[in-house]
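Colleague: Supplied in structure tokens, the structure appears directly below.
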Amino acid sequence: MDSEVLIGLEVHVQVTSLRTKLFCRCSSNYRGNPPNTNVCPVCLGLPGSLPVLNKKALEKAIAVALALNSRVSDKLVFVRKHYFYPDLPKNYQVSQYDRYGLTPIAIGGSVAVDVDGSSKVVRIRRINIEEDTGRIAYPEKSVLGSRYALVDYNRAGVALLEIVTEPDLRTPREARVFLEKLGSVLEHLEVADTSLEGAMRADANVSVAGGPRVEIKNIGSPKDLEKALNYEIARQLNIVKSGGTVERETRHWIKERGITVASRVKELEGEYRYFPDPDLPPIPIGRELVEAIAKSLPELPDQRARRIAREYGIGDYMASVLVLHKKLCDHFENASRVCGNPKLVSSILINEFLRWVDEAGVDVPSGITRLSTDRLCKLVQYFESGLVSIKLLKEYVRRAVLEDTSPEELLSKGLTTLGEESEIERVVEEVFRENPKAVADAIRDPKAVNFLVGQVMKKTRGRADPKLVNEIIRRRLAEYGVK
Ligand SMILES: [Zn+2]
């Protein structure tokens, strides 16, 4: 059976670095405001109001287009995309379109991704500038089981970039790495802080075995994208295997339950009735502007990966993983400069830190506050001086990320290779001295060892590792036996 999976993404990124919305002077940072307080006649679409373009949004969009190897259009043309939905105050969204002689801000492009050691190129189809919608809040946290919905327009009109890929992705893992890489490019460009809730959302189109495309809406993070696609691909394959047909439909990812559910029927393209926005005449984009922006582009993830691999002597693969998260890469460079040993630092961050961040369900920036440069360097120091083994070092990272425990605290609890063993040895000596009869019994009868283990556990108030205690006692008894 042909079970080929095709995945294409539509990624919506808020240009969070802008001070104001796309067409009005309301703040682009709506987070934390009481509902419907960050609004004005323009973003509420009141009659008679007129939009004025935020020029900085155009410059940011051009920078993104250049970073993604896209061809920047020679004019900026806005269209109205009509549909009726409560979060859309005007009943149309100001967006862009790529047909009928209309053009988006940029066409084509590519992003290279390294997935578990093999690289591939994902093609970009187009990039749009558009406005964000408001938000619908459900009293039961999701559309399921809620009897009513509330709407908040604080977000309406915030500048968005819509980045659409060709269906070049084949696995949920690839899709996740692509989204991480894209987020990292946007962070390096200082266009968006993708760790903000809702700043980067993906819609995924997925089909299996030549079946119809199913669209999964509003996935909030790379990790959720991977989960949603795993679920959806299994669902579609099950239908195909049992002889059914997959419906062409739009589904929603319900994060809390880890499933996708069918939602509103998607409008066909024709029903959007795209036409040029008469309030926003086309603006020519001069080549000088594009060239000036091209010259001012900062170091981007691919260049950075090559540089850090060379500069710190870490492998290409490690470098490609580090640059997937700008803040993680900053953290790596900073810690390596402070405490040296970049190989160990990169290995801790990639093999241990990322794993526990994932497990704890926290984002990389909050993980970094728990495994700060200070703590990371303490760990490197402990390891280099033989105070902790590689096994204990991993435990220190786990507890720092999951419990916010400092290395000093764990050290003071006796969690060290040397300290632990010599401390137990001391207690074992004591127990042997105090219980000569039990020791004699244990030499004759291995079962009697348990009493001695119990005594050591009592003296260490249960903090010692019973397996290690057992081992040390048996070692000590063997010495007696020889005598
Ligand atoms: Zn406004």
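We label chains A, B, ... in the order they appear in the structure tokens, count residues from 1 in each chain, and number ligands from 1 in the order shown.
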Residues up to 7 Å from ligand 1, counting only C-alpha atoms and all ligand atoms: could you list those as number ranges by chain?

Modeller: A: 21, 24-26, 38-44, 157

Colleague: Where does DSSP see helix (DSSP H, G or I) in stretch 173-255 of chain A, if you list the residues as a ChimeraX atom specification?

Modeller: /A:173-188,222-241

Colleague: Show which residues sit within 9 Å of A:Val122, as number ranges by chain. Count only C-alpha atoms, and ignore same-chain residues fewer than 2 positions away.

Modeller: A: 109-113, 120, 124, 165-169, 178

Colleague: With distances taken over only C-alpha atoms, which residue among A:Val449, A:Val456, A:Leu328, A:Val143 lies nearest A:Glu430?

Modeller: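 Using only C-alpha atoms, the shortest distance to A:Glu430 belongs to A:Val456.
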
Colleague: Dump as a Markdown table the rows for residues of stretch 290-320 of chain A within 10 Å of stretch 180-183 of chain A: closest atom pair and distance in Å with one decimal, only C-alpha atoms counted, ordered by chain and rising residue number.

Modeller:
```
| residue | atom | partner | partner_atom | distance |
| --- | --- | --- | --- | --- |
| A:Pro301 | CA | A:Lys181 | CA | 7.9 |
| A:Asp302 | CA | A:Lys181 | CA | 9.5 |
| A:Ser320 | CA | A:Lys181 | CA | 9.4 |
```

Colleague: Which is closest to A:Ser27 among A:Asn341, A:Glu140, A:Ala156, A:Asn128, if we use only C-alpha atoms?

Modeller: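 Closest candidate: A:Ala156.
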
Colleague: Which residues of stretch 289-398 of chain A come within 10 Å of stretch 192-214 of chain A, and what is each one's closest atom pair and distance in Å (one decimal), counting only C-alpha atoms, sorted by chain and residue number, as a Markdown table?

Modeller:
```
| residue | atom | partner | partner_atom | distance |
| --- | --- | --- | --- | --- |
| A:His325 | CA | A:Thr194 | CA | 9.9 |
| A:Asp363 | CA | A:Ser195 | CA | 7.1 |
| A:Val364 | CA | A:Ser195 | CA | 8.1 |
| A:Pro365 | CA | A:Ser195 | CA | 7.6 |
| A:Ser366 | CA | A:Ser195 | CA | 9.6 |
```

Colleague: Name the closest residue to A:Leu88 among the candidates A:Gly45, A:Gly220, A:Gly286, A:Gly108; distances are taken between atoms, counting only C-alpha atoms.

Modeller: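 Among A:Gly45, A:Gly220, A:Gly286, A:Gly108, it is A:Gly45 that comes nearest to A:Leu88.
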
Colleague: Using the chain letters and numbers from this document, which residues of stretch 8-150 of chain A does DSSP assign to strand (DSSP E or B), as an MDAnalysis selection string?

Modeller: chainID A and resid 8:14 20 27 71:72 75:76 79:82 92:95 106:107 110:115 118:131 135:137 150

Colleague: Pick out the residues sitting within 9 Å of A:Val469, and hand them over as a ChimeraX atom specification; count only C-alpha atoms, and ignore anything fewer than 3 positions along from it in its own chain.

Modeller: /A:421,424-425,428,453,456-457,464-466,472-474

Colleague: Using only C-alpha atoms, which protein or nucleic acid residues come within 9 Å of A:Val380? Drop anything in the same chain fewer than 5 positions from it, and give the result as a PDB file with N, CA and C atoms, in the first residue's frame.

Modeller:
```
ATOM      1  N   CYS A 339      33.058  29.327  31.157  1.00  0.00           N
ATOM      2  CA  CYS A 339      33.641  28.175  31.859  1.00  0.00           C
ATOM      3  C   CYS A 339      34.432  27.230  30.965  1.00  0.00           C
ATOM      4  N   GLY A 340      34.593  27.577  29.697  1.00  0.00           N
ATOM      5  CA  GLY A 340      35.362  26.700  28.809  1.00  0.00           C
ATOM      6  C   GLY A 340      34.622  25.400  28.542  1.00  0.00           C
ATOM      7  N   ASN A 341      35.334  24.408  28.031  1.00  0.00           N
ATOM      8  CA  ASN A 341      34.774  23.084  27.757  1.00  0.00           C
ATOM      9  C   ASN A 341      33.493  23.112  26.899  1.00  0.00           C
ATOM     10  N   LEU A 344      31.591  19.753  26.352  1.00  0.00           N
ATOM     11  CA  LEU A 344      30.737  19.286  27.451  1.00  0.00           C
ATOM     12  C   LEU A 344      29.483  20.148  27.549  1.00  0.00           C
ATOM     13  N   VAL A 345      29.659  21.468  27.416  1.00  0.00           N
ATOM     14  CA  VAL A 345      28.507  22.372  27.508  1.00  0.00           C
ATOM     15  C   VAL A 345      27.477  22.038  26.430  1.00  0.00           C
ATOM     16  N   ARG A 375      24.947  28.126  37.020  1.00  0.00           N
ATOM     17  CA  ARG A 375      24.743  26.724  37.396  1.00  0.00           C
ATOM     18  C   ARG A 375      25.446  25.768  36.432  1.00  0.00           C
ATOM     19  N   SER A 385      36.503  18.351  38.166  1.00  0.00           N
ATOM     20  CA  SER A 385      37.300  18.045  39.358  1.00  0.00           C
ATOM     21  C   SER A 385      36.968  16.655  39.902  1.00  0.00           C
ATOM     22  N   LEU A 393      26.059  14.017  36.873  1.00  0.00           N
ATOM     23  CA  LEU A 393      25.908  15.280  36.167  1.00  0.00           C
ATOM     24  C   LEU A 393      24.550  15.334  35.458  1.00  0.00           C
TER      25      LEU A 393
END
```

Colleague: Can you tell me which residues surround A:Ala57 at a distance of at most 10 Å, considering only C-alpha atoms, apart from same-chain residues fewer than 2 positions away, and format the answer as a list in words?

Modeller: Val15, Ser17, Leu18, Arg19, Thr20, Lys21, Leu22, Phe23, Leu53, Asn54, Lys55, Glu59, Lys60, Ala61, Ile62, Ala63, Ile129, Glu130, Ala159, Leu160, Leu161 and Val191 of chain A

Colleague: Just checking: using only C-alpha atoms, which residue out of A:Ile216, A:Leu297, A:Val338, A:Leu229 ends up closest to A:Arg176?

Modeller: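 Using only C-alpha atoms, A:Arg176 sits closest to A:Leu229.
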
Colleague: Give me the residues near stretch 352-362 of chain A as a ChimeraX atom specification, where near means some atom within 12 Å (using only C-alpha atoms) and where sequence neighbours in that chain fewer than 6 positions away do not count.

Modeller: /A:195,197,221-224,321-322,324-325,328,331-332,344-346,368-372,376,390-404

Colleague: Which one of A:Lys467, A:Gly8, A:Pro298, A:Ile283 sits closest to A:Val64 if you count only C-alpha atoms?

Modeller: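 Selected residue with least distance to A:Val64: A:Pro298.
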